[in-house]
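input.txt, holding compact mmCIF, C-alpha atoms:
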# COMPACT_ATOMS: atom_id res chain seq x y z
CA MET E 1391 24.52 -1.99 25.83
CA THR E 1392 27.12 -4.76 25.49
CA ALA E 1393 27.05 -7.28 22.63
CA VAL E 1394 26.01 -10.04 25.06
CA ALA E 1395 23.23 -7.91 26.51
CA ALA E 1396 22.07 -6.96 23.01
CA ARG E 1397 21.80 -10.63 22.04
CA LYS E 1398 19.87 -11.44 25.20
CA ALA E 1399 17.52 -8.55 24.49
CA GLY E 1400 17.00 -9.83 20.97
CA TRP E 1401 18.45 -6.79 19.22
CA VAL E 1402 21.19 -8.73 17.41
CA ASP E 1403 21.67 -12.35 16.37
CA MET E 1404 24.56 -14.63 17.29
CA ALA E 1405 26.67 -13.18 14.46
CA GLY E 1406 26.20 -9.69 15.86
CA THR E 1407 23.88 -8.63 13.03
CA PRO E 1408 21.13 -6.24 14.15
CA HIS E 1409 17.85 -8.10 14.58
CA LEU E 1410 15.38 -6.98 11.92
CA ARG E 1411 11.65 -7.47 11.96
CA GLY E 1412 9.70 -9.34 9.25
CA ALA E 1413 9.54 -7.08 6.18
CA LYS E 1414 12.94 -5.48 6.75
CA ARG E 1415 14.73 -8.80 7.16
CA ARG E 1416 12.91 -10.21 4.13
CA GLU E 1417 14.04 -7.22 2.07
CA GLN E 1418 17.62 -7.69 3.30
CA ILE E 1419 17.55 -11.37 2.29
CA ILE E 1420 16.28 -10.51 -1.19
CA GLU E 1421 18.93 -7.83 -1.74
CA ALA E 1422 21.63 -10.22 -0.55
CA THR E 1423 20.31 -12.88 -2.92
CA LEU E 1424 20.44 -10.53 -5.92
CA SER E 1425 23.99 -9.57 -5.07
CA LEU E 1426 25.01 -13.23 -4.81
CA VAL E 1427 23.26 -14.18 -8.05
CA ALA E 1428 25.20 -11.44 -9.85
CA GLU E 1429 28.45 -12.80 -8.37
CA TYR E 1430 27.98 -16.59 -8.29
CA GLY E 1431 25.04 -17.25 -10.59
CA VAL E 1432 21.78 -18.89 -9.53
CA THR E 1433 23.28 -22.32 -8.86
CA GLY E 1434 26.02 -20.81 -6.72
CA THR E 1435 23.54 -18.83 -4.64
CA THR E 1436 23.11 -21.39 -1.89
CA LEU E 1437 21.19 -21.02 1.34
CA SER E 1438 24.43 -21.00 3.32
CA ARG E 1439 25.82 -18.17 1.19
CA ILE E 1440 22.60 -16.17 1.55
CA ALA E 1441 22.61 -16.68 5.31
CA GLY E 1442 26.28 -15.73 5.50
CA GLU E 1443 25.72 -12.58 3.45
CA VAL E 1444 22.83 -11.52 5.69
CA GLY E 1445 24.60 -12.55 8.88
CA VAL E 1446 22.11 -15.09 10.16
CA THR E 1447 22.00 -18.85 10.48
CA THR E 1448 20.59 -20.89 7.60
CA PRO E 1449 17.54 -22.09 9.63
CA ALA E 1450 16.70 -18.42 10.34
CA LEU E 1451 15.91 -17.94 6.63
CA TYR E 1452 12.91 -20.26 7.00
CA ALA E 1453 11.22 -17.72 9.24
CA HIS E 1454 10.77 -15.57 6.13
CA PHE E 1455 10.72 -17.98 3.19
CA ALA E 1456 9.52 -21.55 2.75
CA ASN E 1457 12.58 -22.65 0.79
CA ARG E 1458 15.42 -21.56 -1.49
CA LYS E 1459 13.20 -21.45 -4.58
CA GLU E 1460 10.83 -19.01 -2.90
CA ILE E 1461 13.79 -16.77 -2.05
CA LEU E 1462 14.98 -16.86 -5.67
CA LEU E 1463 11.50 -16.18 -7.07
CA SER E 1464 11.03 -13.26 -4.68
CA ALA E 1465 14.41 -11.87 -5.68
CA LEU E 1466 13.49 -12.26 -9.35
CA ASP E 1467 10.24 -10.35 -8.80
CA VAL E 1468 12.09 -7.49 -7.13
CA LEU E 1469 14.65 -7.45 -9.92
CA ILE E 1470 11.97 -7.23 -12.62
CA GLN E 1471 10.14 -4.51 -10.70
CA LYS E 1472 13.31 -2.45 -10.47
CA ARG E 1473 14.07 -2.79 -14.16
CA THR E 1474 10.50 -2.03 -15.28
CA ALA E 1475 9.88 0.84 -12.87
CA LEU E 1476 11.55 3.12 -15.43
CA HIS E 1477 8.89 2.63 -18.09
CA ARG E 1478 6.00 2.40 -15.64
CA LEU E 1479 6.83 5.93 -14.43
CA VAL E 1480 6.63 7.42 -17.95
CA SER E 1481 3.10 8.85 -18.10
CA GLU E 1482 3.37 12.18 -19.91
CA GLY E 1483 3.52 13.01 -23.61
CA THR E 1484 2.20 11.30 -26.71
CA PRO E 1485 2.60 7.52 -27.07
CA ILE E 1486 5.54 8.08 -29.44
CA GLU E 1487 7.20 10.43 -26.95
CA ARG E 1488 6.63 7.97 -24.13
CA LEU E 1489 8.11 5.10 -26.13
CA ARG E 1490 11.15 7.29 -26.80
CA GLU E 1491 11.45 8.18 -23.11
CA ILE E 1492 11.22 4.51 -22.13
CA GLY E 1493 14.09 3.76 -24.51
CA HIS E 1494 16.21 6.63 -23.19
CA ARG E 1495 15.64 5.64 -19.57
CA HIS E 1496 16.78 2.11 -20.29
CA SER E 1497 19.90 3.51 -21.99
CA GLU E 1498 20.73 5.42 -18.82
CA LEU E 1499 20.19 2.31 -16.70
CA ALA E 1500 22.35 0.18 -19.00
CA ALA E 1501 25.16 2.76 -18.86
CA SER E 1502 25.15 2.95 -15.05
CA GLU E 1503 28.46 1.61 -13.76
CA ASN E 1504 27.06 0.83 -10.32
CA ASP E 1505 24.02 -1.06 -11.56
CA LYS E 1506 24.47 -4.84 -11.45
CA SER E 1507 20.84 -5.72 -12.09
CA VAL E 1508 21.58 -6.65 -15.71
CA ILE E 1509 24.18 -9.19 -14.54
CA ALA E 1510 21.68 -10.73 -12.12
CA LEU E 1511 18.99 -10.76 -14.83
CA PHE E 1512 21.15 -12.68 -17.29
CA GLU E 1513 22.24 -15.09 -14.55
CA PHE E 1514 18.57 -15.85 -13.92
CA ILE E 1515 18.05 -16.35 -17.66
CA ALA E 1516 21.06 -18.70 -17.82
CA ALA E 1517 19.95 -20.74 -14.80
CA PRO E 1518 19.52 -24.46 -15.57
CA PRO E 1519 15.93 -25.74 -16.03
CA GLU E 1520 16.07 -27.73 -12.81
CA GLU E 1521 16.11 -24.48 -10.84
CA GLY E 1522 12.45 -24.09 -11.86
CA LEU E 1523 12.67 -20.37 -12.69
CA ARG E 1524 12.31 -20.37 -16.47
CA GLU E 1525 8.51 -20.36 -16.64
CA THR E 1526 8.21 -17.51 -14.13
CA LEU E 1527 10.91 -15.48 -15.86
CA GLY E 1528 9.22 -15.94 -19.24
CA HIS E 1529 5.85 -14.91 -17.82
CA ARG E 1530 7.31 -11.73 -16.26
CA HIS E 1531 8.99 -10.84 -19.54
CA LEU E 1532 5.76 -11.25 -21.50
CA LEU E 1533 4.06 -8.87 -19.07
CA ILE E 1534 6.67 -6.22 -19.98
CA VAL E 1535 6.02 -6.81 -23.67
CA GLU E 1536 2.28 -6.49 -23.07
CA ASP E 1537 2.74 -3.18 -21.20
CA ILE E 1538 4.54 -1.71 -24.21
CA SER E 1539 1.98 -3.25 -26.58
CA GLN E 1540 -0.77 -1.45 -24.69
CA LEU E 1541 1.05 1.84 -25.18
CA VAL E 1542 1.25 1.15 -28.93
CA ARG E 1543 -2.49 0.37 -29.02
CA GLU E 1544 -3.16 3.64 -27.22
CA GLY E 1545 -1.18 5.43 -29.92
CA GLN E 1546 -3.22 3.67 -32.60
CA ARG E 1547 -6.48 4.77 -30.99
CA GLU E 1548 -5.23 8.35 -30.88
CA GLY E 1549 -4.04 8.24 -34.48
CA ALA E 1550 -0.40 8.77 -33.50
CA ILE E 1551 0.68 5.27 -34.57
CA LEU E 1552 -0.17 3.56 -37.86
CA GLU E 1553 -3.21 1.30 -37.60
CA HIS E 1554 -1.71 -1.61 -39.53
CA VAL E 1555 1.34 -2.17 -37.30
CA ASP E 1556 1.39 -5.14 -34.94
CA PRO E 1557 1.61 -3.83 -31.33
CA GLN E 1558 3.28 -7.03 -30.14
CA GLN E 1559 5.93 -6.85 -32.85
CA VAL E 1560 6.66 -3.20 -32.01
CA ALA E 1561 6.95 -4.09 -28.32
CA TRP E 1562 9.41 -6.88 -29.12
CA MET E 1563 11.45 -4.46 -31.25
CA VAL E 1564 11.66 -1.98 -28.36
CA VAL E 1565 12.58 -4.75 -25.92
CA SER E 1566 15.15 -6.19 -28.36
CA ARG E 1567 16.89 -2.81 -28.53
CA ALA E 1568 17.07 -2.78 -24.73
CA TRP E 1569 18.54 -6.28 -24.76
CA THR E 1570 21.12 -5.19 -27.31
CA GLU E 1571 22.22 -2.45 -24.91
CA ASP E 1572 22.38 -4.92 -22.02
CA ILE E 1573 24.42 -7.46 -23.98
CA ALA E 1574 26.81 -4.79 -25.28
CA GLN E 1575 27.36 -3.69 -21.69
CA LEU E 1576 27.96 -7.26 -20.48
CA MET E 1577 30.38 -8.01 -23.33
CA GLY E 1578 32.28 -4.73 -22.93
CA VAL E 1579 31.62 -3.58 -26.50
CA THR E 1580 29.83 -0.32 -25.79
CA HIS E 1581 32.55 1.46 -27.74
CA GLU E 1582 31.02 -0.20 -30.82
CA TRP E 1583 27.37 -0.34 -29.85
CA ASN E 1584 27.29 3.09 -28.25
CA ARG E 1585 24.49 5.42 -27.16
CA ALA E 1586 24.38 7.20 -30.54
CA ARG E 1587 23.83 3.95 -32.45
CA SER E 1588 21.30 2.74 -29.94
CA ASP E 1589 19.37 6.02 -30.13
CA GLU E 1590 19.42 5.77 -33.92
CA MET E 1591 17.90 2.28 -33.72
CA LEU E 1592 15.18 3.66 -31.45
CA GLU E 1593 14.39 6.46 -33.88
CA LEU E 1594 14.22 3.99 -36.77
CA ILE E 1595 11.68 1.93 -34.82
CA LEU E 1596 9.58 4.98 -33.97
CA ALA E 1597 9.74 6.39 -37.49
CA SER E 1598 8.50 3.07 -38.89
CA ILE E 1599 5.33 3.14 -36.77
CA ALA E 1600 4.51 6.86 -36.47
CA ALA E 1601 1.48 8.14 -38.35
CA PRO E 1602 2.22 11.02 -40.79
CA GLN E 1603 0.78 13.68 -38.49
CA SER E 1604 2.77 12.31 -35.57
CA ARG E 1605 5.97 12.46 -37.65
CA LYS E 1606 5.23 16.06 -38.55
CA GLU E 1607 4.68 17.02 -34.90
CA ASP E 1608 7.86 15.16 -33.94
CA CYS E 1609 9.89 17.10 -36.49
CA GLU E 1610 8.36 20.39 -35.33
CA ASN E 1611 9.26 19.56 -31.72
CA GLU E 1612 12.85 18.73 -32.71
CA THR E 1613 13.12 21.98 -34.65
CA HIS E 1614 11.76 23.91 -31.69
CA ASN E 1615 14.19 22.20 -29.30
CA ASP E 1616 17.14 22.99 -31.57
CA ARG E 1617 16.42 26.71 -31.46
Once more with this new file: its structure as structure tokens, please.
Amino acid sequence: MTAVAARKAGWVDMAGTPHLRGAKRREQIIEATLSLVAEYGVTGTTLSRIAGEVGVTTPALYAHFANRKEILLSALDVLIQKRTALHRLVSEGTPIERLREIGHRHSELAASENDKSVIALFEFIAAPPEEGLRETLGHRHLLIVEDISQLVREGQREGAILEHVDPQQVAWMVVSRAWTEDIAQLMGVTHEWNRARSDEMLELILASIAAPQSRKEDCENETHNDR
């Protein structure tokens, strides 16, 4: 089929980009938006740039999204889902072990050279108030904190985590460690704030909340693993 025939048949648009149906095109627009946010920031991610990246006309974007803000909010949702999928998939082990695994998985994500999600995330955070994203971003972040808080409460019910600790404070400590890794990566100072130091911070957090019996089991597991 020739290019002209393909356009007439509706298989490609005027730019020669393969014609994609609803969900697939929407996904392509979101991925293009995240890439542009990482490169140009939120303000620089214009409708014309998004359309150009996807290979469609600007009016064609309105077949999938009401406006630019809806595109940005949808991209932000996908970004948060990607970055939280790591801890949502951790379902085995004691609460202390799961908190440790969440921390380790984030360390691996932060160290990934091909992952630009952290750049896009901080561009969203740095977006000016007039973009109207701050409230949504804050709400999504608090949901992450609450997820980790629930895991801490589970540990308290099981007796693995000290009863007197504040689940919200622990969650913020875990999240703050993750942010430290992200910022070190963005600033190019991972030679100073390296994986060993980050893991040590994680262990200090866990040791400060673990119930005595949980600490004992943790030490026994480490001894067993070292053999």
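We find CA of Val1427 (chain E) and CA of Ile1509 (chain E) to be spaced 8.2 Å apart.
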Tell me, in Å to one decimal, how far CA of Leu1541 (chain E) is from CA of Met1591 (chain E). 18.9 Å
From the list E:Thr1484, E:Ser1425, E:Gln1575, E:Thr1448, which residue is nearest Glu1498 (chain E) when using only C-alpha atoms? E:Gln1575
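Nearest-residue note for Ile1461 (chain E): choosing from E:Leu1523, E:Ala1428, E:Gly1442, E:Ala1568, the minimum distance belongs to E:Leu1523, counting all atoms listed in the file.
Separating CA of Arg1495 (chain E) from CA of Val1480 (chain E) is a distance of 9.3 Å.
Residues with any atom within 12 Å of Arg1587 (chain E), counting all atoms listed in the file and excluding same-chain neighbours fewer than 5 positions away, are E:Ser1497, E:Arg1567, E:Thr1570, E:Glu1571, E:Ala1574, E:Thr1580, E:His1581, E:Glu1582, E:Leu1592, E:Glu1593, E:Leu1594.
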Of E:Val1446, E:Ile1420, E:Ala1550, E:Val1508, the one nearest to Leu1596 (chain E) when counting all atoms listed in the file is E:Ala1550
Within 10 Å of Ala1413 (chain E), counting only C-alpha atoms, which residues qualify if same-chain residues fewer than 5 places away don't, as a PDB file with C-alpha atoms, in the frame of the given file?
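Output contents, as saved in result34.pdb:
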ATOM      1  CA  GLN E1418      17.620  -7.690   3.300  1.00  0.00           C
ATOM      2  CA  ILE E1419      17.550 -11.370   2.290  1.00  0.00           C
ATOM      3  CA  HIS E1454      10.770 -15.570   6.130  1.00  0.00           C
TER       4      HIS E1454
END
Residue nearest Leu1511 (chain E) among E:Asp1572, E:Glu1548, E:Glu1590, E:Glu1460 (counting only C-alpha atoms): E:Asp1572
Residues around (6.4, 0.9, -17.1), cut-off 10 Å, counting all atoms listed in the file - what are they as a tab-separated table (two decimals) with C-alpha atoms, in the coordinates of the input?
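Writing the result to point.tsv gives the following:
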chain	number	residue	atom	x	y	z
E	1471	GLN	CA	10.14	-4.51	-10.70
E	1473	ARG	CA	14.07	-2.79	-14.16
E	1474	THR	CA	10.50	-2.03	-15.28
E	1475	ALA	CA	9.88	0.84	-12.87
E	1476	LEU	CA	11.55	3.12	-15.43
E	1477	HIS	CA	8.89	2.63	-18.09
E	1478	ARG	CA	6.00	2.40	-15.64
E	1479	LEU	CA	6.83	5.93	-14.43
E	1480	VAL	CA	6.63	7.42	-17.95
E	1481	SER	CA	3.10	8.85	-18.10
E	1488	ARG	CA	6.63	7.97	-24.13
E	1492	ILE	CA	11.22	4.51	-22.13
E	1534	ILE	CA	6.67	-6.22	-19.98
E	1537	ASP	CA	2.74	-3.18	-21.20
E	1538	ILE	CA	4.54	-1.71	-24.21
E	1541	LEU	CA	1.05	1.84	-25.18
Shortest contact to Asp1467 (chain E), candidates E:Glu1491, E:Glu1421, E:Glu1503, E:Glu1544, atoms counted only C-alpha atoms, goes to E:Glu1421
Distance query Ala1517 (chain E) at most 9 Å, all atoms listed in the file, self and fewer than 6 positions along chain excluded, as a PyMOL selection string: chain E and resi 1431-1433+1523-1524
Shell around region 1559-1561 of chain E at 10 Å using all atoms listed in the file, local window under 4 positions removed, as JSON, numbers by chain: {"E": [1489, 1532, 1534, 1535, 1536, 1537, 1538, 1539, 1540, 1541, 1542, 1555, 1565, 1566, 1595, 1596, 1598, 1599]}
Calculated over only C-alpha atoms, which of the candidates E:Gly1412, E:Thr1423, E:Gln1558, E:Pro1518 has the smallest distance to Leu1466 (chain E)? E:Thr1423
